[in-house]
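Next comes start.txt, with compact mmCIF, C-alpha atoms.
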```txt
# COMPACT_ATOMS: atom_id res chain seq x y z
CA MET A 1 74.40 91.86 130.17
CA PRO A 2 74.54 89.43 127.22
CA ALA A 3 77.76 89.15 125.21
CA LYS A 4 77.92 91.10 121.96
CA HIS A 5 78.96 89.19 118.85
CA VAL A 6 81.00 91.91 117.23
CA HIS A 7 81.78 89.99 114.03
CA ARG A 8 78.07 89.31 113.43
CA LEU A 9 77.33 92.98 113.94
CA TYR A 10 80.06 94.30 111.62
CA LYS A 11 80.01 91.58 108.95
CA PRO A 12 77.12 93.06 106.88
CA LEU A 13 78.66 96.56 107.05
CA ILE A 14 82.09 95.34 105.98
CA GLN A 15 80.63 93.14 103.21
CA SER A 16 78.66 96.05 101.85
CA ALA A 17 81.69 98.36 101.85
CA LEU A 18 83.94 95.79 100.15
CA ALA A 19 81.35 94.54 97.63
CA ASP A 20 81.51 97.75 95.59
CA TRP A 21 85.22 98.46 95.98
CA LYS A 22 86.11 101.01 93.28
CA GLN A 23 89.90 101.09 93.64
CA GLU A 24 92.20 99.12 91.31
CA CYS A 25 93.55 97.08 94.22
CA LEU A 26 92.31 96.09 97.64
CA TYR A 27 95.26 96.12 100.03
CA LEU A 28 94.79 93.91 103.09
CA SER A 29 97.23 94.08 105.98
CA LEU A 30 97.88 91.09 108.24
CA ASP A 31 99.33 92.26 111.54
CA THR A 32 99.69 91.46 115.25
CA SER A 33 99.85 93.48 118.46
CA LEU A 34 100.91 92.18 121.84
CA PHE A 35 99.22 93.34 125.05
CA TRP A 36 100.74 92.92 128.52
CA ASP A 37 102.97 90.11 127.16
CA GLU A 38 99.93 87.88 127.55
CA TYR A 39 97.44 88.54 124.75
CA CYS A 40 98.02 88.71 121.02
CA LEU A 41 95.66 90.50 118.66
CA VAL A 42 95.84 89.20 115.08
CA ARG A 43 93.98 91.35 112.58
CA LEU A 44 93.27 91.59 108.89
CA ALA A 45 92.58 95.17 107.86
CA VAL A 46 91.82 97.09 104.67
CA VAL A 47 94.54 99.65 104.08
CA HIS A 48 93.11 102.80 102.53
CA ARG A 49 94.24 106.45 102.58
CA GLY A 50 96.78 105.89 105.31
CA ARG A 51 94.38 104.04 107.60
CA ALA A 52 93.99 100.37 108.51
CA LEU A 53 90.30 99.51 108.86
CA PRO A 54 89.87 96.13 110.63
CA VAL A 55 87.92 93.50 108.72
CA VAL A 56 88.39 90.46 110.97
CA TRP A 57 90.46 89.91 114.09
CA ARG A 58 91.22 87.42 116.77
CA VAL A 59 92.51 87.85 120.32
CA MET A 60 94.26 84.90 121.90
CA GLU A 61 96.23 84.15 125.02
CA HIS A 62 99.70 84.10 123.54
CA GLY A 63 102.88 85.61 124.94
CA SER A 64 104.41 86.48 121.57
CA ALA A 65 103.52 88.56 118.52
CA SER A 66 104.69 85.64 116.33
CA VAL A 67 101.80 83.32 115.56
CA ALA A 68 101.55 80.06 113.66
CA PHE A 69 99.59 79.80 110.41
CA LYS A 70 97.05 77.48 112.05
CA ASP A 71 96.24 80.26 114.53
CA TYR A 72 95.06 82.74 111.88
CA ARG A 73 93.98 80.61 108.90
CA GLU A 74 90.27 80.60 109.84
CA MET A 75 90.38 84.37 110.31
CA LEU A 76 91.83 84.77 106.79
CA GLU A 77 89.05 82.60 105.35
CA GLN A 78 86.47 84.84 107.06
CA GLY A 79 88.17 87.87 105.52
CA ARG A 80 88.15 86.26 102.10
CA GLY A 81 84.40 85.76 102.38
CA LEU A 82 83.94 89.50 102.88
CA CYS A 83 85.90 90.60 99.80
CA GLY A 84 84.01 91.48 96.65
CA GLU A 85 84.42 89.61 93.37
CA GLY A 86 86.70 90.77 90.60
CA VAL A 87 88.96 92.94 92.77
CA LYS A 88 92.73 92.48 92.79
CA VAL A 89 93.63 91.68 96.41
CA ILE A 90 97.18 92.28 97.64
CA LEU A 91 98.02 90.95 101.09
CA LEU A 92 100.67 92.93 103.00
CA ALA A 93 102.35 91.21 105.93
CA ASP A 94 105.39 91.67 108.12
CA ARG A 95 108.25 89.26 108.82
CA GLY A 96 106.32 87.09 111.29
CA PHE A 97 103.97 85.92 108.53
CA VAL A 98 106.40 84.53 105.97
CA HIS A 99 104.80 81.08 106.20
CA THR A 100 104.82 78.89 103.11
CA ASP A 101 101.27 77.75 103.98
CA LEU A 102 100.10 81.38 103.86
CA ILE A 103 101.79 81.94 100.50
CA ARG A 104 100.23 78.77 99.07
CA LEU A 105 96.75 79.68 100.33
CA THR A 106 96.80 83.22 98.94
CA THR A 107 98.03 81.86 95.61
CA GLN A 108 95.15 79.33 95.53
CA TRP A 109 92.70 82.17 96.12
CA GLY A 110 94.17 84.27 93.33
CA TRP A 111 95.38 86.88 95.82
CA HIS A 112 98.76 88.55 95.47
CA TYR A 113 101.18 89.15 98.33
CA ARG A 114 103.98 91.41 99.53
CA ILE A 115 105.53 89.88 102.65
CA ARG A 116 108.52 91.32 104.43
CA VAL A 117 111.22 88.73 105.16
CA LYS A 118 114.09 88.70 107.63
CA LYS A 119 117.70 89.21 106.61
CA ASP A 120 118.58 85.68 107.76
CA THR A 121 116.14 84.26 105.16
CA TRP A 122 117.66 81.70 102.82
CA ILE A 123 117.14 82.13 99.07
CA TRP A 124 118.13 79.90 96.17
CA ARG A 125 119.08 81.22 92.74
CA LYS A 126 119.74 79.23 89.58
CA GLY A 127 123.44 78.72 89.03
CA ILE A 128 124.29 80.26 92.44
CA GLY A 129 122.65 78.01 95.03
CA TRP A 130 121.62 78.88 98.58
CA CYS A 131 122.64 82.04 100.44
CA GLN A 132 121.19 84.33 103.09
CA LEU A 133 120.08 87.88 102.42
CA GLN A 134 122.43 89.10 105.15
CA ASP A 135 125.34 88.01 102.93
CA PHE A 136 124.65 91.03 100.69
CA HIS A 137 126.03 94.40 101.74
CA PHE A 138 124.40 97.63 100.62
CA LYS A 139 124.97 101.32 100.98
CA HIS A 140 121.99 103.42 102.12
CA GLY A 141 119.45 103.66 99.30
CA ALA A 142 120.78 100.66 97.35
CA ALA A 143 118.48 97.78 96.42
CA LEU A 144 118.42 94.60 94.32
CA CYS A 145 115.60 92.70 92.66
CA PHE A 146 115.87 88.95 92.19
CA HIS A 147 113.29 87.12 90.13
CA ASN A 148 112.39 83.43 90.17
CA VAL A 149 114.10 82.48 93.42
CA ARG A 150 113.21 79.91 96.03
CA LEU A 151 112.72 80.63 99.74
CA HIS A 152 113.49 78.68 102.90
CA LYS A 153 116.18 76.04 102.75
CA GLU A 154 114.13 73.71 104.98
CA GLN A 155 110.65 74.18 103.46
CA ARG A 156 111.69 75.19 99.94
CA TYR A 157 109.08 77.35 98.32
CA GLY A 158 109.15 79.12 94.99
CA TRP A 159 109.31 80.56 92.49
CA VAL A 160 108.94 84.01 94.02
CA HIS A 161 110.29 87.50 93.38
CA LEU A 162 112.28 89.59 95.82
CA ILE A 163 113.39 93.16 96.37
CA PHE A 164 115.83 93.94 99.15
CA GLY A 165 118.25 96.62 100.25
CA ARG A 166 118.80 99.44 102.72
CA ASN A 167 116.51 102.37 103.38
CA ASN A 168 118.08 105.59 102.09
CA VAL A 169 117.16 107.56 105.25
CA ASN A 170 118.07 105.34 108.20
CA GLY A 171 119.86 102.42 106.51
CA GLU A 172 117.38 99.84 107.83
CA PHE A 173 117.42 96.54 105.93
CA TRP A 174 114.23 95.76 104.02
CA ALA A 175 113.36 92.67 102.01
CA ILE A 176 109.97 91.98 100.42
CA VAL A 177 108.92 88.76 98.73
CA SER A 178 106.13 88.88 96.15
CA ASP A 179 104.31 86.65 93.68
CA GLU A 180 104.63 89.43 91.09
CA LYS A 181 107.90 90.68 89.61
CA THR A 182 109.47 93.22 91.92
CA THR A 183 110.72 96.69 91.01
CA LEU A 184 111.31 99.84 93.01
CA GLN A 185 107.60 100.49 92.39
CA THR A 186 106.82 97.41 94.52
CA CYS A 187 107.98 99.35 97.59
CA ALA A 188 106.36 102.58 96.38
CA GLY A 189 103.04 100.74 96.00
CA ILE A 190 103.24 99.54 99.59
CA TRP A 191 104.13 102.99 100.94
CA ASN A 192 101.29 104.57 98.94
CA ALA A 193 98.81 102.01 100.28
CA ILE A 194 99.95 102.70 103.80
```
Give the structure from this file in structure tokens form.
Amino acid sequence: MPAKHVHRLYKPLIQSALADWKQECLYLSLDTSLFWDEYCLVRLAVVHRGRALPVVWRVMEHGSASVAFKDYREMLEQGRGLCGEGVKVILLADRGFVHTDLIRLTTQWGWHYRIRVKKDTWIWRKGIGWCQLQDFHFKHGAALCFHNVRLHKEQRYGWVHLIFGRNNVNGEFWAIVSDEKTTLQTCAGIWNAI
């Protein structure tokens, strides 16, 4: 039986669906899944009404859910080619994707981003200098927004905006970096998209 080229089959359907996108924003989720500690699925999906609908994906032999930018860049470019014109695109990604190359690329494309960062992330603030997010201590439900900060002591990137704090239900630490000014609505927008 001949191999099926799934992307060729689905590309026209996905292009058609995204070409006439009627919502204010198109939320795209960049995510990974690990199978049998041997294969990693990297996917870009449209997030709509609580569902993630895959747009492009790649499976590779890789024993970790953390992947390098070079491993998913081409996939992102394919996804970009499927998005309609004139739609505000917001890329959502988890902690494994806080790559400065990804942030630069999305900015070049005019996309916006909301990327979760780890609590050991270094930030730089004017007049304060470098510190790690884990140096801040919060009660459940407390959050801070910092605007115009730099990320990554080694790779220095910025200016970006940040919201971080502790979930009011389970106390889990959350930090999200964005190209747009952050408010409590930044998190609400993500939860509503999901």
query: Any idea what the distance is between atom CA of A:Ile115 and atom CA of A:Arg51?
result: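 Interatomic distance, atom CA of A:Ile115 to atom CA of A:Arg51: 18.7 Å.
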Item to complete: Excluding A:Val56 and residues on its chain fewer than 5 positions from it, collect all residues at most 7 Å away from it, counting all atoms listed in the file, and give them as a VMD selection string.
Response: chain A and resid 43 to 44 75 79
Export C-alpha atoms of the chosen residues as an mmCIF file, keeping the file's coordinate frame?
```cif
data_model
loop_
_atom_site.group_PDB
_atom_site.id
_atom_site.type_symbol
_atom_site.label_atom_id
_atom_site.label_comp_id
_atom_site.auth_asym_id
_atom_site.auth_seq_id
_atom_site.Cartn_x
_atom_site.Cartn_y
_atom_site.Cartn_z
ATOM 1 C CA ARG A 43 93.980 91.350 112.580
ATOM 2 C CA LEU A 44 93.270 91.590 108.890
ATOM 3 C CA MET A 75 90.380 84.370 110.310
ATOM 4 C CA GLY A 79 88.170 87.870 105.520
#
```
d(atom CA of A:Leu151, atom CA of A:Ile123) in Å |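 The value is 4.7 Å.
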Of A:Leu41, A:Asp94, A:Ile128, A:His62, the one nearest to A:Ser29 when counting only C-alpha atoms is A:Asp94
Original post:
Which protein, DNA or RNA residues have an atom at most 12 Å from (90.9, 81.8, 121.3), counting only C-alpha atoms? List them as a ChimeraX atom specification.
Top reply: /A:39-42,57-62,70-72,74-75
**Report entry** Atomic distance atom CA of A:Asn167 - atom CA of A:Leu133, expressed in Å with one decimal
**Finding:**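 Atom-to-atom, atom CA of A:Asn167 to atom CA of A:Leu133, that is 15.0 Å.
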_Residue among A:Val55, A:Val46, A:Ser64, A:Gly141 lying closest to A:Leu34, counting all atoms listed in the file_ =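 Answer, going by the shortest atom-to-atom distance: A:Ser64.
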With distances taken over all atoms listed in the file, which of A:Glu180, A:Glu24, A:Glu172, A:Glu154 is nearest to A:Val89?
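Going through A:Glu180, A:Glu24, A:Glu172, A:Glu154 one by one, the smallest distance to A:Val89 is for A:Glu24.
Excluding A:Trp122 and any residue on its chain fewer than 3 positions from it, the residues at most 10 Å away by only C-alpha atoms are Val117, Lys118, Lys119, Gly129, Trp130, Cys131, Gln132, Leu133, Gln134, Asp135, Arg150, Leu151, His152, Lys153, Glu154 and Arg156 of chain A.
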Quiz item: Between A:Trp124, A:Thr100, A:Trp109, A:Leu162, which one has atoms that come closest to A:Leu76, using only C-alpha atoms?
Solution: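 Ranking A:Trp124, A:Thr100, A:Trp109, A:Leu162 by distance to A:Leu76, first place goes to A:Trp109.
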Got a sec to check which residues sit within 12 Å of (119.6, 101.8, 107.9), counting only C-alpha atoms, and write them as a list in words?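 Every polymer residue passing the test: His137, Phe138, Lys139, His140, Gly141, Ala142, Gly165, Arg166, Asn167, Asn168, Val169, Asn170, Gly171, Glu172, Phe173 and Trp174 of chain A.
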task = Name the residues in contact with stretch 110-114 of chain A at a cut-off of 9 Å, using all atoms listed in the file, excluding same-chain residues fewer than 6 positions from it; report them as a list in words.
result =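 Listing them by chain and then by number gives Lys88, Val89, Ile90, Leu91, Leu92, Ala93, Asp94, Ile103, Ile176, Val177, Ser178, Asp179, Glu180, Thr186 and Ile190 of chain A.
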Would you compute, for all listed atoms of stretch 57-69 of chain A, the axis-aligned bounding box grown by 3 Å on each side, and then report its centre and edge lengths in Å rounded to one decimal, as lines of an AutoDock Vina configuration file?
```
center_x = 97.6
center_y = 84.9
center_z = 117.7
size_x = 20.2
size_y = 16.1
size_z = 20.6
```
What does stretch 5-154 of chain A look like written to a file with C-alpha atoms, as a PDB file, in the first residue's frame?
```
ATOM      1  CA  HIS A   5       0.921  12.203   2.521  1.00  0.00           C
ATOM      2  CA  VAL A   6      -1.295  13.474   5.289  1.00  0.00           C
ATOM      3  CA  HIS A   7      -0.147  17.106   5.104  1.00  0.00           C
ATOM      4  CA  ARG A   8      -0.913  17.253   1.374  1.00  0.00           C
ATOM      5  CA  LEU A   9      -4.350  15.821   2.033  1.00  0.00           C
ATOM      6  CA  TYR A  10      -5.256  18.186   4.888  1.00  0.00           C
ATOM      7  CA  LYS A  11      -3.519  21.357   3.692  1.00  0.00           C
ATOM      8  CA  PRO A  12      -6.363  22.566   1.395  1.00  0.00           C
ATOM      9  CA  LEU A  13      -8.977  21.854   4.093  1.00  0.00           C
ATOM     10  CA  ILE A  14      -7.020  23.701   6.777  1.00  0.00           C
ATOM     11  CA  GLN A  15      -6.243  26.627   4.433  1.00  0.00           C
ATOM     12  CA  SER A  16      -9.895  26.976   3.561  1.00  0.00           C
ATOM     13  CA  ALA A  17     -10.983  26.924   7.210  1.00  0.00           C
ATOM     14  CA  LEU A  18      -8.364  29.495   8.270  1.00  0.00           C
ATOM     15  CA  ALA A  19      -8.748  31.787   5.232  1.00  0.00           C
ATOM     16  CA  ASP A  20     -12.144  33.061   6.396  1.00  0.00           C
ATOM     17  CA  TRP A  21     -11.459  33.109  10.136  1.00  0.00           C
ATOM     18  CA  LYS A  22     -14.193  35.270  11.693  1.00  0.00           C
ATOM     19  CA  GLN A  23     -12.916  35.499  15.274  1.00  0.00           C
ATOM     20  CA  GLU A  24     -10.990  38.537  16.552  1.00  0.00           C
ATOM     21  CA  CYS A  25      -7.920  36.411  17.275  1.00  0.00           C
ATOM     22  CA  LEU A  26      -6.531  33.151  15.998  1.00  0.00           C
ATOM     23  CA  TYR A  27      -4.951  31.304  18.910  1.00  0.00           C
ATOM     24  CA  LEU A  28      -2.297  28.782  17.886  1.00  0.00           C
ATOM     25  CA  SER A  29      -0.870  26.342  20.414  1.00  0.00           C
ATOM     26  CA  LEU A  30       2.643  24.943  20.098  1.00  0.00           C
ATOM     27  CA  ASP A  31       2.946  21.734  22.093  1.00  0.00           C
ATOM     28  CA  THR A  32       4.763  18.405  22.395  1.00  0.00           C
ATOM     29  CA  SER A  33       3.838  14.886  23.479  1.00  0.00           C
ATOM     30  CA  LEU A  34       6.268  12.092  24.231  1.00  0.00           C
ATOM     31  CA  PHE A  35       5.501   8.484  23.293  1.00  0.00           C
ATOM     32  CA  TRP A  36       7.305   5.478  24.784  1.00  0.00           C
ATOM     33  CA  ASP A  37      10.229   7.762  25.762  1.00  0.00           C
ATOM     34  CA  GLU A  38      11.348   7.414  22.160  1.00  0.00           C
ATOM     35  CA  TYR A  39       9.181   9.568  19.887  1.00  0.00           C
ATOM     36  CA  CYS A  40       8.238  13.207  20.236  1.00  0.00           C
ATOM     37  CA  LEU A  41       5.205  14.709  18.521  1.00  0.00           C
ATOM     38  CA  VAL A  42       5.501  18.470  17.985  1.00  0.00           C
ATOM     39  CA  ARG A  43       2.274  20.099  16.855  1.00  0.00           C
ATOM     40  CA  LEU A  44       0.847  23.486  16.030  1.00  0.00           C
ATOM     41  CA  ALA A  45      -2.902  23.570  16.604  1.00  0.00           C
ATOM     42  CA  VAL A  46      -5.734  26.083  16.373  1.00  0.00           C
ATOM     43  CA  VAL A  47      -7.316  26.505  19.789  1.00  0.00           C
ATOM     44  CA  HIS A  48     -11.054  27.061  19.480  1.00  0.00           C
ATOM     45  CA  ARG A  49     -13.965  26.380  21.849  1.00  0.00           C
ATOM     46  CA  GLY A  50     -11.899  24.276  24.194  1.00  0.00           C
ATOM     47  CA  ARG A  51     -10.410  22.113  21.453  1.00  0.00           C
ATOM     48  CA  ALA A  52      -6.978  21.994  19.833  1.00  0.00           C
ATOM     49  CA  LEU A  53      -7.322  21.271  16.110  1.00  0.00           C
ATOM     50  CA  PRO A  54      -3.935  20.261  14.616  1.00  0.00           C
ATOM     51  CA  VAL A  55      -2.705  22.388  11.726  1.00  0.00           C
ATOM     52  CA  VAL A  56       0.800  20.977  11.218  1.00  0.00           C
ATOM     53  CA  TRP A  57       2.810  18.423  13.158  1.00  0.00           C
ATOM     54  CA  ARG A  58       6.030  16.518  13.151  1.00  0.00           C
ATOM     55  CA  VAL A  59       7.005  13.211  14.754  1.00  0.00           C
ATOM     56  CA  MET A  60      10.674  12.622  15.426  1.00  0.00           C
ATOM     57  CA  GLU A  61      12.832  10.105  17.198  1.00  0.00           C
ATOM     58  CA  HIS A  62      13.633  12.083  20.313  1.00  0.00           C
ATOM     59  CA  GLY A  63      13.686  10.887  23.912  1.00  0.00           C
ATOM     60  CA  SER A  64      12.515  14.176  25.419  1.00  0.00           C
ATOM     61  CA  ALA A  65       9.530  16.511  25.135  1.00  0.00           C
ATOM     62  CA  SER A  66      11.978  19.452  25.027  1.00  0.00           C
ATOM     63  CA  VAL A  67      12.917  20.257  21.454  1.00  0.00           C
ATOM     64  CA  ALA A  68      15.290  22.776  19.911  1.00  0.00           C
ATOM     65  CA  PHE A  69      14.013  25.655  17.782  1.00  0.00           C
ATOM     66  CA  LYS A  70      15.713  24.199  14.693  1.00  0.00           C
ATOM     67  CA  ASP A  71      13.582  21.061  15.105  1.00  0.00           C
ATOM     68  CA  TYR A  72      10.248  22.870  14.715  1.00  0.00           C
ATOM     69  CA  ARG A  73      11.026  26.045  12.745  1.00  0.00           C
ATOM     70  CA  GLU A  74      10.055  24.561   9.354  1.00  0.00           C
ATOM     71  CA  MET A  75       6.802  23.288  10.841  1.00  0.00           C
ATOM     72  CA  LEU A  76       5.990  26.811  12.092  1.00  0.00           C
ATOM     73  CA  GLU A  77       6.652  28.242   8.638  1.00  0.00           C
ATOM     74  CA  GLN A  78       4.222  25.698   7.156  1.00  0.00           C
ATOM     75  CA  GLY A  79       1.627  26.763   9.716  1.00  0.00           C
ATOM     76  CA  ARG A  80       2.177  30.408   8.889  1.00  0.00           C
ATOM     77  CA  GLY A  81       1.466  29.669   5.237  1.00  0.00           C
ATOM     78  CA  LEU A  82      -1.942  28.273   6.188  1.00  0.00           C
ATOM     79  CA  CYS A  83      -3.108  31.296   8.199  1.00  0.00           C
ATOM     80  CA  GLY A  84      -5.364  33.836   6.545  1.00  0.00           C
ATOM     81  CA  GLU A  85      -4.396  37.471   6.030  1.00  0.00           C
ATOM     82  CA  GLY A  86      -5.429  40.234   8.387  1.00  0.00           C
ATOM     83  CA  VAL A  87      -6.072  38.015  11.413  1.00  0.00           C
ATOM     84  CA  LYS A  88      -4.404  38.692  14.756  1.00  0.00           C
ATOM     85  CA  VAL A  89      -2.425  35.530  15.549  1.00  0.00           C
ATOM     86  CA  ILE A  90      -1.473  34.766  19.154  1.00  0.00           C
ATOM     87  CA  LEU A  91       0.928  31.878  19.693  1.00  0.00           C
ATOM     88  CA  LEU A  92       0.517  30.007  22.995  1.00  0.00           C
ATOM     89  CA  ALA A  93       3.401  27.841  24.146  1.00  0.00           C
ATOM     90  CA  ASP A  94       4.573  26.107  27.282  1.00  0.00           C
ATOM     91  CA  ARG A  95       7.888  26.415  29.127  1.00  0.00           C
ATOM     92  CA  GLY A  96       9.871  24.223  26.725  1.00  0.00           C
ATOM     93  CA  PHE A  97       9.419  26.779  23.932  1.00  0.00           C
ATOM     94  CA  VAL A  98      10.807  29.927  25.520  1.00  0.00           C
ATOM     95  CA  HIS A  99      13.460  30.233  22.800  1.00  0.00           C
ATOM     96  CA  THR A 100      14.634  33.699  21.827  1.00  0.00           C
ATOM     97  CA  ASP A 101      14.723  32.558  18.170  1.00  0.00           C
ATOM     98  CA  LEU A 102      11.015  31.685  18.379  1.00  0.00           C
ATOM     99  CA  ILE A 103      10.180  35.055  19.921  1.00  0.00           C
ATOM    100  CA  ARG A 104      12.159  36.899  17.240  1.00  0.00           C
ATOM    101  CA  LEU A 105      10.517  34.934  14.414  1.00  0.00           C
ATOM    102  CA  THR A 106       6.958  35.487  15.635  1.00  0.00           C
ATOM    103  CA  THR A 107       7.715  39.190  16.068  1.00  0.00           C
ATOM    104  CA  GLN A 108       9.030  39.381  12.476  1.00  0.00           C
ATOM    105  CA  TRP A 109       5.802  37.794  11.250  1.00  0.00           C
ATOM    106  CA  GLY A 110       3.645  40.238  13.189  1.00  0.00           C
ATOM    107  CA  TRP A 111       2.340  37.447  15.421  1.00  0.00           C
ATOM    108  CA  HIS A 112       1.860  37.935  19.144  1.00  0.00           C
ATOM    109  CA  TYR A 113       2.874  35.432  21.802  1.00  0.00           C
ATOM    110  CA  ARG A 114       2.068  34.203  25.301  1.00  0.00           C
ATOM    111  CA  ILE A 115       4.785  31.793  26.407  1.00  0.00           C
ATOM    112  CA  ARG A 116       4.947  30.223  29.827  1.00  0.00           C
ATOM    113  CA  VAL A 117       8.377  30.522  31.457  1.00  0.00           C
ATOM    114  CA  LYS A 118      10.005  28.598  34.288  1.00  0.00           C
ATOM    115  CA  LYS A 119      10.473  30.030  37.758  1.00  0.00           C
ATOM    116  CA  ASP A 120      14.258  29.855  37.383  1.00  0.00           C
ATOM    117  CA  THR A 121      14.054  32.289  34.430  1.00  0.00           C
ATOM    118  CA  TRP A 122      16.257  35.353  34.769  1.00  0.00           C
ATOM    119  CA  ILE A 123      14.702  38.785  34.187  1.00  0.00           C
ATOM    120  CA  TRP A 124      16.280  42.225  34.107  1.00  0.00           C
ATOM    121  CA  ARG A 125      14.485  45.381  35.233  1.00  0.00           C
ATOM    122  CA  LYS A 126      15.677  48.968  34.924  1.00  0.00           C
ATOM    123  CA  GLY A 127      17.214  50.196  38.143  1.00  0.00           C
ATOM    124  CA  ILE A 128      17.004  46.704  39.714  1.00  0.00           C
ATOM    125  CA  GLY A 129      19.189  44.459  37.561  1.00  0.00           C
ATOM    126  CA  TRP A 130      18.999  40.685  37.152  1.00  0.00           C
ATOM    127  CA  CYS A 131      16.963  38.350  39.358  1.00  0.00           C
ATOM    128  CA  GLN A 132      15.115  35.058  39.019  1.00  0.00           C
ATOM    129  CA  LEU A 133      11.350  34.734  39.211  1.00  0.00           C
ATOM    130  CA  GLN A 134      11.742  32.206  42.028  1.00  0.00           C
ATOM    131  CA  ASP A 135      13.103  35.041  44.194  1.00  0.00           C
ATOM    132  CA  PHE A 136       9.550  36.411  44.475  1.00  0.00           C
ATOM    133  CA  HIS A 137       7.237  34.855  47.049  1.00  0.00           C
ATOM    134  CA  PHE A 138       3.473  34.957  46.619  1.00  0.00           C
ATOM    135  CA  LYS A 139       0.408  33.873  48.498  1.00  0.00           C
ATOM    136  CA  HIS A 140      -2.176  31.834  46.552  1.00  0.00           C
ATOM    137  CA  GLY A 141      -3.980  34.103  44.086  1.00  0.00           C
ATOM    138  CA  ALA A 142      -1.334  36.855  44.118  1.00  0.00           C
ATOM    139  CA  ALA A 143       0.268  38.042  40.876  1.00  0.00           C
ATOM    140  CA  LEU A 144       2.568  40.762  39.535  1.00  0.00           C
ATOM    141  CA  CYS A 145       2.923  42.343  36.117  1.00  0.00           C
ATOM    142  CA  PHE A 146       6.285  43.678  34.987  1.00  0.00           C
ATOM    143  CA  HIS A 147       6.541  45.668  31.788  1.00  0.00           C
ATOM    144  CA  ASN A 148       9.594  46.311  29.631  1.00  0.00           C
ATOM    145  CA  VAL A 149      11.881  43.663  31.099  1.00  0.00           C
ATOM    146  CA  ARG A 150      14.611  41.591  29.519  1.00  0.00           C
ATOM    147  CA  LEU A 151      14.774  37.788  29.574  1.00  0.00           C
ATOM    148  CA  HIS A 152      17.635  35.306  29.809  1.00  0.00           C
ATOM    149  CA  LYS A 153      20.874  36.459  31.355  1.00  0.00           C
ATOM    150  CA  GLU A 154      22.899  34.522  28.751  1.00  0.00           C
TER     151      GLU A 154
END
```
